[in-house]
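A short write-up of the structure that comes next.
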Amino acid sequence: MVTIQDVAKAAGVSAMTVSHVINDHPHVKRETRERVLRAIADLDYRVNVAARNLRTGRTGTIGLAVAEIDRPYYGQLAAAIIAAAARHDLKVAIEQTGASREGELDALALSRNRLYDGLILSTVGLGPADTDLLKVDYPMVILGERIFDGPVDHVAMPNVEGARAATAHLIERGCRRIALVEGRLGDEVDVSSLRFDGYREALEEAGIPLDPRLLIHIEAFTMEEGAAAARRLSDSGAEVDGVFCVTDTVAIGVLRGFADRGVRVPQDVKVIGFDNIAEGAYTVPSLSSIDPDHSLMASTAVRFLVGRVAEKGKKRPVAREFISRFTVVARESTGG
């Protein structure tokens with residue numbers, strides 16, 4: 001196997017100079033750098049990444065753990081984080097947790113075994129009762145809504161504010177009988193509970209009473225569940241002129257379910273989602289949505305993590321919490 005000393009001899013420089021070139025050290029003369037790079041190419045020298053990681057304590061890779069990578073939202077989020085990490089010369093390894101507490105704990109264990117320099121964990125299964133499990137000795141940033149006031153940095157969506165704006169958008173379009181398609185509400189804070197709060201607040205501000213019959217609960221945030229919810233709502237005979245869906249994926253299913261029952265969107269019922277996934281611009285009709293600025297969330301999460309990696313070994317400062325901004329994207333499904 002070709003060694004760094006072999007490269008140094010071929011280039012007529014020291015092994016330290018070869019190391020500086022490999023690690024892109026700025027204080028290497030151009031002609032020296034070019035001579036070393038030619039020697040590396042001629043000898044087909046390969047950097048021993050494992051050995052370098054042992055010396056530096058870094059892998060150059062961060063972990064990203066998400067619920068389901070085949071969902072449009074998580075795919076879009078992962079792409080944004082990969083782009084943000086690349087600006088810091090970092091690679092991203094993606095873990096799928098299956099939207100379960102056990103899967104998220106497995107992702108924590110992988111980072112504990114030092115497979116990554118740090119972890120960005122999108123929480124769905126872990127909740128406030130699991131806060132102590134996040135008191136880890138490696139850099140980590142939480143994405144999601146289920147853990148507040150925890151011991152690690154937290155990047156969240158503007159759930160309440162965005163849901164309030166989505167519902168207000170329907171009200172501005174003339175809707176008064178607005179249904180909410182959401183997950184089942186429990187005792188813990190999650191996406192559904194936060195977006196329900198925003199929905200309720202918008203109704204109260206407009207003087208519209210909340211009708212429990214217009215709260216449509218689904219078991220999973222899928223297109224299939226959304227389509228089934230729309231069919232149930234149509235078959236119930238309930239008077240409805242607007243629907244706010246907890247995610248765009250659910251909203252796309254709702255469009256399908258209404259089409260199955262001959263309900264026209266936006267003429268009969270207006271529909272808005274949340275997440276502004278790319279697919280929403282290409283549905284028929286195109287889907288109105290809340291855009292939580294995925295790029296800003298991703299760049300903030302990576303920036304927080306890179307900062308924690310850099311200060312590793314030092315006394316941990318107070319955990320930071322960042323709630324992203326949002327915009328209302330009006331498309332055909334609300335008459336936009």
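Residues are referred to by chain and number: the chain letter is A, B, ... according to the order shown in the structure tokens, the number counts from 1 in that chain, and ligands are numbered separately from 1 in the order shown.
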
Neighbour list for Arg38 in chain A as a PyMOL selection string, cut-off 12 Å, only C-alpha atoms, skip fewer than 6 positions in-chain: chain A and resi 7-8+10-12+18+21+31-32+44-45

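By only C-alpha atoms, and with residues fewer than 4 positions from Tyr199 in chain A along its chain excluded, the set lying at most 9 Å from it is Val160, Ala163, Arg164, Ala165, Ala166, Thr167, Ala168, Leu180, Leu194, Arg195, Leu203, Glu204 and Phe244 of chain A.
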
Shell of 10 Å around Asn159 in chain A, only C-alpha atoms, local chain residues under 4 positions omitted, as a list in words: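 Once the nearby chain positions are removed, what remains is Gly144, Glu145, Ala163, Arg164, Ala165, Asp190, Val191, Ser192, Ser193, Leu194, Arg195, Phe196, Asp197, Gly198, Val246, Phe274, Ile290, Pro292, Ile323, Ser324, Arg325 and Phe326 of chain A.
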
Option closest in space to Ala83 in chain A, from A:Val13, A:His294, A:His20, A:Gly253 [counting only C-alpha atoms]: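 Of A:Val13, A:His294, A:His20, A:Gly253, the one nearest Ala83 in chain A is A:His294, counting only C-alpha atoms.
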
All residues 10 Å or closer to range 301-304 of chain A, only C-alpha atoms, same chain fewer than 2 positions away omitted, as number ranges by chain: A: 62, 81-88, 90, 118-121, 139-143, 152-156, 295-299, 306-309, 319-322

Atomic distance CA of Gly262 in chain A - CA of Asp70 in chain A, expressed in Å with one decimal: 29.6 Å

Shell of 7 Å around Gly257 in chain A, only C-alpha atoms, local chain residues under 2 positions omitted, as a PyMOL selection string: chain A and resi 227-228+230-231+253-255+259-261

Can you spit out the residues from that selection as a PDB file, in the first residue's frame, using N, CA, C and O atoms?
```pdb
ATOM      1  N   ALA A 227     -57.375  10.774   1.750  1.00  0.00           N
ATOM      2  CA  ALA A 227     -58.458  10.476   0.805  1.00  0.00           C
ATOM      3  C   ALA A 227     -59.654   9.874   1.538  1.00  0.00           C
ATOM      4  O   ALA A 227     -60.812  10.244   1.283  1.00  0.00           O
ATOM      5  N   ALA A 228     -59.377   8.953   2.463  1.00  0.00           N
ATOM      6  CA  ALA A 228     -60.465   8.332   3.228  1.00  0.00           C
ATOM      7  C   ALA A 228     -61.193   9.365   4.074  1.00  0.00           C
ATOM      8  O   ALA A 228     -62.420   9.331   4.211  1.00  0.00           O
ATOM      9  N   ALA A 230     -61.551  12.590   3.433  1.00  0.00           N
ATOM     10  CA  ALA A 230     -62.395  13.418   2.567  1.00  0.00           C
ATOM     11  C   ALA A 230     -63.661  12.678   2.171  1.00  0.00           C
ATOM     12  O   ALA A 230     -64.755  13.274   2.125  1.00  0.00           O
ATOM     13  N   ARG A 231     -63.541  11.390   1.888  1.00  0.00           N
ATOM     14  CA  ARG A 231     -64.731  10.609   1.531  1.00  0.00           C
ATOM     15  C   ARG A 231     -65.692  10.512   2.710  1.00  0.00           C
ATOM     16  O   ARG A 231     -66.916  10.638   2.544  1.00  0.00           O
ATOM     17  N   GLY A 253     -54.104  13.724  -0.522  1.00  0.00           N
ATOM     18  CA  GLY A 253     -55.098  12.659  -0.406  1.00  0.00           C
ATOM     19  C   GLY A 253     -56.510  13.204  -0.330  1.00  0.00           C
ATOM     20  O   GLY A 253     -57.450  12.642  -0.916  1.00  0.00           O
ATOM     21  N   VAL A 254     -56.679  14.311   0.379  1.00  0.00           N
ATOM     22  CA  VAL A 254     -58.009  14.938   0.489  1.00  0.00           C
ATOM     23  C   VAL A 254     -58.511  15.375  -0.887  1.00  0.00           C
ATOM     24  O   VAL A 254     -59.689  15.187  -1.223  1.00  0.00           O
ATOM     25  N   LEU A 255     -57.631  15.937  -1.701  1.00  0.00           N
ATOM     26  CA  LEU A 255     -58.032  16.314  -3.068  1.00  0.00           C
ATOM     27  C   LEU A 255     -58.544  15.097  -3.829  1.00  0.00           C
ATOM     28  O   LEU A 255     -59.552  15.169  -4.537  1.00  0.00           O
ATOM     29  N   ALA A 259     -62.432  14.366  -5.130  1.00  0.00           N
ATOM     30  CA  ALA A 259     -62.651  14.066  -6.549  1.00  0.00           C
ATOM     31  C   ALA A 259     -63.450  12.772  -6.705  1.00  0.00           C
ATOM     32  O   ALA A 259     -64.323  12.671  -7.581  1.00  0.00           O
ATOM     33  N   ASP A 260     -63.180  11.802  -5.845  1.00  0.00           N
ATOM     34  CA  ASP A 260     -63.918  10.535  -5.890  1.00  0.00           C
ATOM     35  C   ASP A 260     -65.404  10.735  -5.631  1.00  0.00           C
ATOM     36  O   ASP A 260     -66.244   9.950  -6.097  1.00  0.00           O
ATOM     37  N   ARG A 261     -65.749  11.749  -4.863  1.00  0.00           N
ATOM     38  CA  ARG A 261     -67.155  12.001  -4.515  1.00  0.00           C
ATOM     39  C   ARG A 261     -67.770  13.125  -5.359  1.00  0.00           C
ATOM     40  O   ARG A 261     -68.896  13.544  -5.091  1.00  0.00           O
TER      41      ARG A 261
END
```

DSSP strand (DSSP E) residues within range 27-176 of chain A, as a list in words: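 Residues meeting the strand (DSSP E) criterion: Thr61, Ile62, Gly63, Leu64, Ala65, Val66, Lys91, Val92, Ala93, Ile94, Glu95, Gln96, Leu119, Ile120, Leu121, Ser122, Met140, Val141, Ile142, Leu143, Asp153, His154, Val155 and Ala156 of chain A.
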
All helix (DSSP H, G or I) residues (DSSP, backbone) inside range 122-223 of chain A, as number ranges by chain: A: 128-134, 159-172, 191-206, 212-214, 223

Residue neighbourhood Ile94 in chain A, 6 Å, only C-alpha atoms, exclusion window fewer than 3 positions, as JSON, numbers by chain: {"A": [63, 64, 65]}
